[in-house]
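Asker: This is coords_13.csv (CSV, C-alpha atoms).
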chain,number,residue,atom,x,y,z
H,672,MET,CA,71.6,-137.5,-18.1
H,673,THR,CA,70.9,-141.0,-16.9
H,674,ASP,CA,69.3,-143.5,-19.2
H,675,LYS,CA,65.7,-144.4,-18.6
H,676,PRO,CA,65.7,-147.9,-16.9
H,677,ASN,CA,64.4,-150.8,-18.9
H,678,LEU,CA,61.2,-152.1,-17.2
H,679,ALA,CA,62.0,-155.6,-18.2
H,680,ASP,CA,65.3,-155.4,-16.3
H,681,LEU,CA,63.8,-154.1,-13.0
H,682,ARG,CA,63.8,-156.8,-10.3
H,683,LYS,CA,64.8,-157.3,-6.7
H,684,SER,CA,65.8,-160.2,-4.5
H,685,TYR,CA,63.5,-160.7,-1.5
H,686,GLU,CA,65.6,-161.4,1.5
H,687,HIS,CA,63.8,-160.2,4.6
H,688,GLY,CA,61.8,-163.1,5.9
H,689,SER,CA,60.2,-166.5,5.6
H,690,LEU,CA,56.9,-168.2,6.2
H,691,ASP,CA,56.5,-171.8,7.2
H,692,GLU,CA,53.3,-173.8,7.9
H,693,ASP,CA,54.4,-174.3,11.5
H,694,GLN,CA,55.0,-170.5,12.0
H,695,VAL,CA,51.5,-169.2,11.0
H,696,ALA,CA,48.5,-169.0,13.3
H,697,ALA,CA,45.8,-171.6,13.2
H,698,GLU,CA,43.2,-168.9,12.3
H,699,PRO,CA,43.9,-166.4,9.5
H,700,THR,CA,42.5,-163.4,11.4
H,701,ALA,CA,45.2,-163.9,14.1
H,702,GLN,CA,47.9,-164.2,11.4
H,703,PHE,CA,46.7,-161.0,9.7
H,704,SER,CA,46.5,-159.1,13.0
H,705,ALA,CA,50.1,-160.1,13.8
H,706,TRP,CA,51.3,-158.9,10.4
H,707,LEU,CA,49.3,-155.7,10.5
H,708,ASP,CA,50.6,-155.0,14.0
H,709,GLU,CA,54.2,-155.4,12.7
H,710,ALA,CA,53.5,-153.0,9.8
H,711,LEU,CA,52.1,-150.5,12.2
H,712,ALA,CA,55.0,-150.9,14.7
H,713,ARG,CA,57.5,-150.4,11.9
H,714,GLY,CA,55.9,-147.1,10.8
H,715,LEU,CA,55.2,-148.2,7.3
H,716,PRO,CA,53.4,-145.5,5.1
H,717,GLU,CA,49.7,-146.2,5.2
H,718,PRO,CA,49.8,-149.8,6.4
H,719,ASN,CA,46.0,-149.6,6.6
H,720,ALA,CA,45.6,-149.1,2.8
H,721,MET,CA,44.2,-152.0,0.8
H,722,THR,CA,43.2,-152.6,-2.8
H,723,LEU,CA,39.5,-153.5,-3.2
H,724,ALA,CA,38.5,-155.4,-6.4
H,725,THR,CA,34.8,-155.6,-7.5
H,726,VAL,CA,33.1,-156.8,-10.6
H,727,GLY,CA,30.4,-155.0,-12.6
H,728,PRO,CA,27.3,-156.4,-14.3
H,729,ASP,CA,29.2,-156.8,-17.5
H,730,GLY,CA,31.9,-158.9,-15.8
H,731,ARG,CA,34.5,-156.1,-16.0
H,732,PRO,CA,36.6,-155.9,-12.9
H,733,SER,CA,37.7,-152.6,-11.2
H,734,THR,CA,40.0,-151.8,-8.4
H,735,ARG,CA,40.6,-148.9,-6.0
H,736,VAL,CA,42.4,-148.2,-2.7
H,737,VAL,CA,40.4,-148.0,0.5
H,738,LEU,CA,41.3,-147.9,4.1
H,739,ILE,CA,40.6,-150.7,6.6
H,740,LYS,CA,38.7,-149.5,9.6
H,741,GLY,CA,38.1,-152.7,11.5
H,742,CYS,CA,39.0,-156.4,11.6
H,743,ASP,CA,37.6,-159.2,13.8
H,744,ALA,CA,36.3,-162.7,13.5
H,745,ARG,CA,33.3,-161.3,11.4
H,746,GLY,CA,35.5,-159.8,8.7
H,747,ILE,CA,37.2,-156.7,7.4
H,748,VAL,CA,35.4,-153.3,7.5
H,749,TRP,CA,35.7,-150.2,5.4
H,750,PHE,CA,33.4,-147.2,4.7
H,751,SER,CA,32.4,-145.6,1.4
H,752,ASN,CA,29.7,-144.1,-0.7
H,753,TYR,CA,27.0,-146.7,-1.5
H,754,ALA,CA,26.2,-144.9,-4.7
H,755,SER,CA,29.8,-145.0,-6.0
H,756,ARG,CA,30.9,-147.4,-8.7
H,757,LYS,CA,32.1,-149.9,-6.1
H,758,GLY,CA,28.9,-149.6,-4.3
H,759,ARG,CA,26.8,-150.2,-7.4
H,760,GLU,CA,29.0,-153.2,-8.3
H,761,LEU,CA,28.7,-154.7,-4.8
H,762,GLU,CA,24.9,-154.2,-5.0
H,763,HIS,CA,24.9,-156.3,-8.2
H,764,GLN,CA,27.6,-158.8,-7.2
H,765,PRO,CA,28.2,-159.0,-3.4
H,766,PHE,CA,31.6,-160.6,-3.6
H,767,ALA,CA,35.0,-158.9,-3.6
H,768,ALA,CA,38.7,-159.3,-3.1
H,769,LEU,CA,41.1,-157.3,-0.9
H,770,GLN,CA,44.9,-157.0,-1.1
H,771,PHE,CA,47.4,-155.5,1.3
H,772,HIS,CA,51.0,-154.9,0.0
H,773,TRP,CA,53.6,-154.0,2.6
H,774,VAL,CA,56.6,-153.4,0.4
H,775,GLU,CA,59.1,-152.8,3.1
H,776,LEU,CA,58.3,-156.1,4.7
H,777,GLU,CA,58.1,-157.9,1.3
H,778,ARG,CA,54.6,-159.2,2.2
H,779,VAL,CA,51.2,-159.4,0.5
H,780,VAL,CA,47.9,-160.5,2.1
H,781,ARG,CA,45.0,-161.4,-0.2
H,782,ILE,CA,41.4,-161.9,1.1
H,783,GLU,CA,38.3,-163.0,-0.8
H,784,GLY,CA,34.7,-163.3,0.3
H,785,ARG,CA,31.1,-162.1,0.5
H,786,VAL,CA,30.4,-158.5,1.2
H,787,GLU,CA,27.6,-157.1,3.3
H,788,LYS,CA,26.7,-153.7,4.7
H,789,VAL,CA,27.5,-153.1,8.4
H,790,SER,CA,24.6,-152.0,10.7
H,791,ALA,CA,23.3,-148.5,10.6
H,792,GLU,CA,24.5,-148.2,14.2
H,793,GLU,CA,28.1,-149.1,13.2
H,794,SER,CA,28.0,-146.6,10.3
H,795,ASP,CA,26.6,-143.9,12.5
H,796,ALA,CA,29.2,-144.4,15.2
H,797,TYR,CA,32.1,-144.3,12.8
H,798,PHE,CA,30.7,-141.3,10.8
H,799,ALA,CA,30.4,-139.3,14.1
H,800,SER,CA,34.1,-140.0,14.8
H,801,ARG,CA,35.3,-138.5,11.6
H,802,PRO,CA,36.7,-135.0,11.3
H,803,LEU,CA,34.1,-132.4,10.4
H,804,THR,CA,35.6,-131.7,7.0
H,805,HIS,CA,35.4,-135.4,6.2
H,806,ARG,CA,31.7,-135.6,7.2
H,807,ILE,CA,30.9,-132.6,5.0
H,808,GLY,CA,32.9,-134.2,2.2
H,809,ALA,CA,30.7,-137.3,2.3
H,810,TRP,CA,27.7,-135.0,1.5
H,811,ALA,CA,29.6,-132.9,-1.0
H,812,SER,CA,30.9,-135.6,-3.3
H,813,PRO,CA,28.7,-137.5,-5.8
H,814,GLN,CA,31.4,-140.1,-5.9
H,815,SER,CA,32.3,-141.6,-9.3
H,816,GLU,CA,30.0,-139.2,-11.1
H,817,THR,CA,31.3,-136.8,-13.8
H,818,ILE,CA,31.6,-133.2,-12.6
H,819,PRO,CA,32.6,-130.0,-14.5
H,820,GLY,CA,35.6,-129.3,-12.4
H,821,ARG,CA,37.0,-129.1,-8.8
H,822,GLY,CA,35.1,-125.9,-8.2
H,823,THR,CA,31.9,-128.0,-8.1
H,824,ILE,CA,33.1,-130.0,-5.1
H,825,VAL,CA,34.4,-126.9,-3.4
H,826,ALA,CA,31.1,-125.1,-3.8
H,827,ARG,CA,29.1,-128.2,-2.6
H,828,ALA,CA,31.3,-128.5,0.4
H,829,ALA,CA,30.7,-124.9,1.3
H,830,GLU,CA,26.9,-125.4,0.7
H,831,TYR,CA,26.7,-128.4,3.0
H,832,GLY,CA,29.0,-126.8,5.6
H,833,LEU,CA,26.5,-123.9,5.9
H,834,LYS,CA,23.5,-126.2,5.9
H,835,PHE,CA,24.7,-128.6,8.6
H,836,GLY,CA,27.2,-126.5,10.6
H,837,LEU,CA,29.1,-128.6,13.2
H,838,ASN,CA,26.7,-131.5,13.2
H,839,PRO,CA,26.2,-133.0,9.8
H,840,PRO,CA,24.2,-136.3,10.0
H,841,ARG,CA,25.4,-139.4,8.2
H,842,PRO,CA,24.2,-139.3,4.5
H,843,PRO,CA,21.8,-142.1,3.7
H,844,HIS,CA,24.1,-143.0,0.8
H,845,TRP,CA,27.2,-143.5,2.9
H,846,GLY,CA,28.2,-146.3,5.3
H,847,GLY,CA,30.2,-149.3,6.0
H,848,TYR,CA,30.9,-152.6,4.3
H,849,ARG,CA,32.2,-155.8,5.8
H,850,LEU,CA,34.0,-158.5,3.7
H,851,VAL,CA,33.3,-161.9,5.3
H,852,PRO,CA,36.3,-164.0,4.2
H,853,ASP,CA,36.3,-167.5,2.9
H,854,TYR,CA,39.8,-167.3,1.6
H,855,TRP,CA,43.0,-165.8,2.9
H,856,GLU,CA,46.5,-165.9,1.4
H,857,PHE,CA,49.8,-164.8,3.0
H,858,TRP,CA,52.8,-164.2,0.7
H,859,GLN,CA,56.3,-163.6,1.9
H,860,GLY,CA,58.9,-162.8,-0.6
H,861,ARG,CA,61.9,-165.1,-0.8
H,862,ALA,CA,65.2,-165.2,-2.8
H,863,SER,CA,65.3,-166.7,-6.3
H,864,ARG,CA,61.5,-166.1,-6.7
H,865,LEU,CA,60.9,-169.2,-4.4
H,866,HIS,CA,58.3,-167.2,-2.4
H,867,ASP,CA,56.4,-168.6,0.5
H,868,ARG,CA,52.6,-168.7,0.0
H,869,ILE,CA,50.3,-170.0,2.8
H,870,ALA,CA,46.5,-170.1,2.0
H,871,TYR,CA,43.6,-170.6,4.3
H,872,ARG,CA,40.3,-171.9,2.9
H,873,LEU,CA,37.0,-172.1,4.8
H,874,GLN,CA,35.5,-175.5,4.5
H,875,ASP,CA,32.6,-176.8,6.6
H,876,GLY,CA,33.0,-174.0,9.1
H,877,ALA,CA,36.7,-174.7,9.7
H,878,TRP,CA,39.9,-173.1,8.3
H,879,HIS,CA,42.3,-175.4,6.4
H,880,LYS,CA,45.7,-174.1,5.5
H,881,ALA,CA,48.1,-175.3,2.8
H,882,ARG,CA,51.2,-174.2,1.0
H,883,LEU,CA,50.9,-173.0,-2.6
H,884,ALA,CA,53.6,-173.1,-5.2
H,885,PRO,CA,55.1,-169.6,-5.9
Could you write out this file's structure as structure tokens?
Answerer:
Amino acid sequence: MTDKPNLADLRKSYEHGSLDEDQVAAEPTAQFSAWLDEALARGLPEPNAMTLATVGPDGRPSTRVVLIKGCDARGIVWFSNYASRKGRELEHQPFAALQFHWVELERVVRIEGRVEKVSAEESDAYFASRPLTHRIGAWASPQSETIPGRGTIVARAAEYGLKFGLNPPRPPHWGGYRLVPDYWEFWQGRASRLHDRIAYRLQDGAWHKARLAP
């Protein structure tokens, strides 16, 4: 039987890449797109997964993993239940942070900014593109609420499946969010914990980049 590893002794040396100020794009969205494209091309598991951090009325933070569904000059888009915990927290405090962690590339991207709902037309178009079971699931799940057991969700999915058939409409409590960034940070692991960190801050309508100490 092998001994359980000591967590304090777990560490690795980051050797795969570097990130210099003259290597990164002038605009953070372009830099992010390049890194995301590489993660997709390398076949990383769920390269579109990102951690979303929000803050409740009591100042208590919470995180969860969501999937990016769009990125352009306006910001980063994902879709969710507006009545969920994250939805309620964003209603109270419309600012959030996102983080991508591509372990195989030894890279992290952090984004902060204001959050807004996307248009109803954008939400309708994306909802219509989802698999039928996912559309039914959006109706069936009272996300973040306490339920007696899994059978509750299964029964509700069957109920809404019978009700809507092949054409469930988008629920009024479900749609898209867009984080409008004012801060980006790109982290590349380096040997001896001397990591590369390049930050972009939005000031007076322009992006300014700087190196941060690791």
Asker: Determine, counting all atoms listed in the file, which protein, DNA and RNA residues have an atom within 7 Å of an atom of stretch 746-753 of chain H; residues of the same chain fewer than 3 positions away are not included. Present the result as a list of chain:residue names.
Answerer: H:Leu738, H:Ile739, H:Lys740, H:Gly741, H:Cys742, H:Asp743, H:Gly758, H:Arg759, H:Gln814, H:His844, H:Trp845, H:Gly846, H:Gly847, H:Tyr848, H:Arg849, H:Leu850, H:Val851, H:Pro852
Asker: Around (39.9, -148.8, -7.2), as given in the file, which residues come within 10 Å? Count all atoms listed in the file and list them as a list of chain:residue names.
Answerer: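 The answer, in the requested form, is H:Met721, H:Thr722, H:Leu723, H:Ala724, H:Thr725, H:Pro732, H:Ser733, H:Thr734, H:Arg735, H:Val736, H:Val737, H:Arg756, H:Lys757.
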Asker: Skip stretch 880-885 of chain H itself and residues of its chain fewer than 6 positions away, then list as a PDB file with C-alpha atoms, keeping the file's coordinate frame all residues within 7 Å of it, counting all atoms listed in the file.
Answerer:
ATOM      1  CA  LEU H 865      60.900-169.200  -4.400  1.00  0.00           C
ATOM      2  CA  HIS H 866      58.300-167.200  -2.400  1.00  0.00           C
ATOM      3  CA  ASP H 867      56.400-168.600   0.500  1.00  0.00           C
ATOM      4  CA  ARG H 868      52.600-168.700   0.000  1.00  0.00           C
ATOM      5  CA  ILE H 869      50.300-170.000   2.800  1.00  0.00           C
ATOM      6  CA  ALA H 870      46.500-170.100   2.000  1.00  0.00           C
ATOM      7  CA  TYR H 871      43.600-170.600   4.300  1.00  0.00           C
ATOM      8  CA  ARG H 872      40.300-171.900   2.900  1.00  0.00           C
TER       9      ARG H 872
END
Asker: Write out as a list of chain:residue names each polymer residue whose atoms come within 12 Å of H:Arg864, counting all atoms listed in the file; drop sequence neighbours fewer than 5 positions from it.
Answerer: H:Arg682, H:Lys683, H:Ser684, H:Tyr685, H:Glu686, H:Glu777, H:Trp858, H:Gln859, H:Ala884, H:Pro885
Asker: Which residue is closest to H:Gly876? Choose from H:Asp853, H:Val789, H:Ala754, H:Pro843 and count all atoms listed in the file.
Answerer: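 Residue with the minimum atom-to-atom distance to H:Gly876: H:Asp853.
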Asker: Find, counting all atoms listed in the file, the residue in H:Val726, H:Ala679, H:Ala744, H:Val786 that gets nearest to H:Ala701.
Answerer: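 Using all atoms listed in the file, H:Ala701 sits closest to H:Ala744.
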Asker: So, counting all atoms listed in the file, which residue among H:Leu715, H:Gly832, H:Ala696, H:His763 is closest to H:Asp729?
Answerer: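 The answer is H:His763, which sits nearest to H:Asp729.
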Asker: So which one's closest to H:Thr817, H:Thr700, H:Ala829, H:Ser755, H:Ala877? Using only C-alpha atoms, please.
Answerer: H:Ser755
Asker: From the list H:Gly808, H:Val774, H:Ser800, H:Pro839, which residue is nearest H:Ala826 when using only C-alpha atoms?
Answerer: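 Distance minimum relative to H:Ala826 lands on H:Gly808.
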Asker: With all atoms listed in the file as the atoms that count, which of H:Asp691, H:Glu717, H:Asp795, H:Glu830 lies nearest to H:Ser812?
Answerer: H:Glu830
Asker: Tell me, in Å to one decimal, how far atom CA of H:Ala796 is from atom CA of H:Ala809.
Answerer: 14.8 Å
Asker: Would you work out the distance separating atom CA of H:Ala720 from atom CA of H:Leu873, expressed in Å to one decimal?
Answerer: 24.6 Å
Asker: Please report the interatomic distance between atom CA of H:Ser863 and atom CA of H:Glu698 in Å with one decimal.
Answerer: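 Answer for the atom CA of H:Ser863 to atom CA of H:Glu698 separation: 29.0 Å.
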Asker: Return stretch 752-764 of chain H, completed with N, CA, C and O atoms, as an mmCIF file, in the frame of the given file.
Answerer:
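Once written, out15.cif looks like this:
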data_model
loop_
_atom_site.group_PDB
_atom_site.id
_atom_site.type_symbol
_atom_site.label_atom_id
_atom_site.label_comp_id
_atom_site.auth_asym_id
_atom_site.auth_seq_id
_atom_site.Cartn_x
_atom_site.Cartn_y
_atom_site.Cartn_z
ATOM 1 N N ASN H 752 30.926 -144.546 -0.122
ATOM 2 C CA ASN H 752 29.700 -144.100 -0.700
ATOM 3 C C ASN H 752 28.952 -145.224 -1.357
ATOM 4 O O ASN H 752 29.485 -145.838 -2.284
ATOM 5 N N TYR H 753 27.746 -145.536 -0.901
ATOM 6 C CA TYR H 753 27.000 -146.700 -1.500
ATOM 7 C C TYR H 753 26.626 -146.460 -2.920
ATOM 8 O O TYR H 753 26.360 -147.428 -3.639
ATOM 9 N N ALA H 754 26.591 -145.203 -3.364
ATOM 10 C CA ALA H 754 26.200 -144.900 -4.700
ATOM 11 C C ALA H 754 27.380 -144.823 -5.688
ATOM 12 O O ALA H 754 27.203 -144.575 -6.881
ATOM 13 N N SER H 755 28.596 -145.026 -5.184
ATOM 14 C CA SER H 755 29.800 -145.000 -6.000
ATOM 15 C C SER H 755 29.832 -146.202 -6.944
ATOM 16 O O SER H 755 29.009 -147.117 -6.844
ATOM 17 N N ARG H 756 30.821 -146.238 -7.833
ATOM 18 C CA ARG H 756 30.900 -147.400 -8.700
ATOM 19 C C ARG H 756 31.095 -148.686 -7.942
ATOM 20 O O ARG H 756 30.432 -149.677 -8.235
ATOM 21 N N LYS H 757 31.950 -148.677 -6.927
ATOM 22 C CA LYS H 757 32.100 -149.900 -6.100
ATOM 23 C C LYS H 757 30.859 -150.290 -5.426
ATOM 24 O O LYS H 757 30.528 -151.472 -5.314
ATOM 25 N N GLY H 758 30.126 -149.281 -4.943
ATOM 26 C CA GLY H 758 28.900 -149.600 -4.300
ATOM 27 C C GLY H 758 27.846 -150.192 -5.209
ATOM 28 O O GLY H 758 27.152 -151.155 -4.851
ATOM 29 N N ARG H 759 27.756 -149.652 -6.421
ATOM 30 C CA ARG H 759 26.800 -150.200 -7.400
ATOM 31 C C ARG H 759 27.217 -151.617 -7.804
ATOM 32 O O ARG H 759 26.361 -152.498 -7.982
ATOM 33 N N GLU H 760 28.531 -151.841 -7.935
ATOM 34 C CA GLU H 760 29.000 -153.200 -8.300
ATOM 35 C C GLU H 760 28.754 -154.182 -7.201
ATOM 36 O O GLU H 760 28.373 -155.334 -7.468
ATOM 37 N N LEU H 761 28.958 -153.773 -5.960
ATOM 38 C CA LEU H 761 28.700 -154.700 -4.800
ATOM 39 C C LEU H 761 27.219 -154.963 -4.677
ATOM 40 O O LEU H 761 26.831 -156.041 -4.223
ATOM 41 N N GLU H 762 26.381 -154.011 -5.057
ATOM 42 C CA GLU H 762 24.900 -154.200 -5.000
ATOM 43 C C GLU H 762 24.545 -155.323 -6.016
ATOM 44 O O GLU H 762 23.668 -156.154 -5.744
ATOM 45 N N HIS H 763 25.214 -155.315 -7.162
ATOM 46 C CA HIS H 763 24.900 -156.300 -8.200
ATOM 47 C C HIS H 763 25.596 -157.655 -7.884
ATOM 48 O O HIS H 763 24.974 -158.717 -8.043
ATOM 49 N N GLN H 764 26.848 -157.617 -7.425
ATOM 50 C CA GLN H 764 27.600 -158.800 -7.200
ATOM 51 C C GLN H 764 28.311 -158.681 -5.820
ATOM 52 O O GLN H 764 29.367 -158.062 -5.717
#
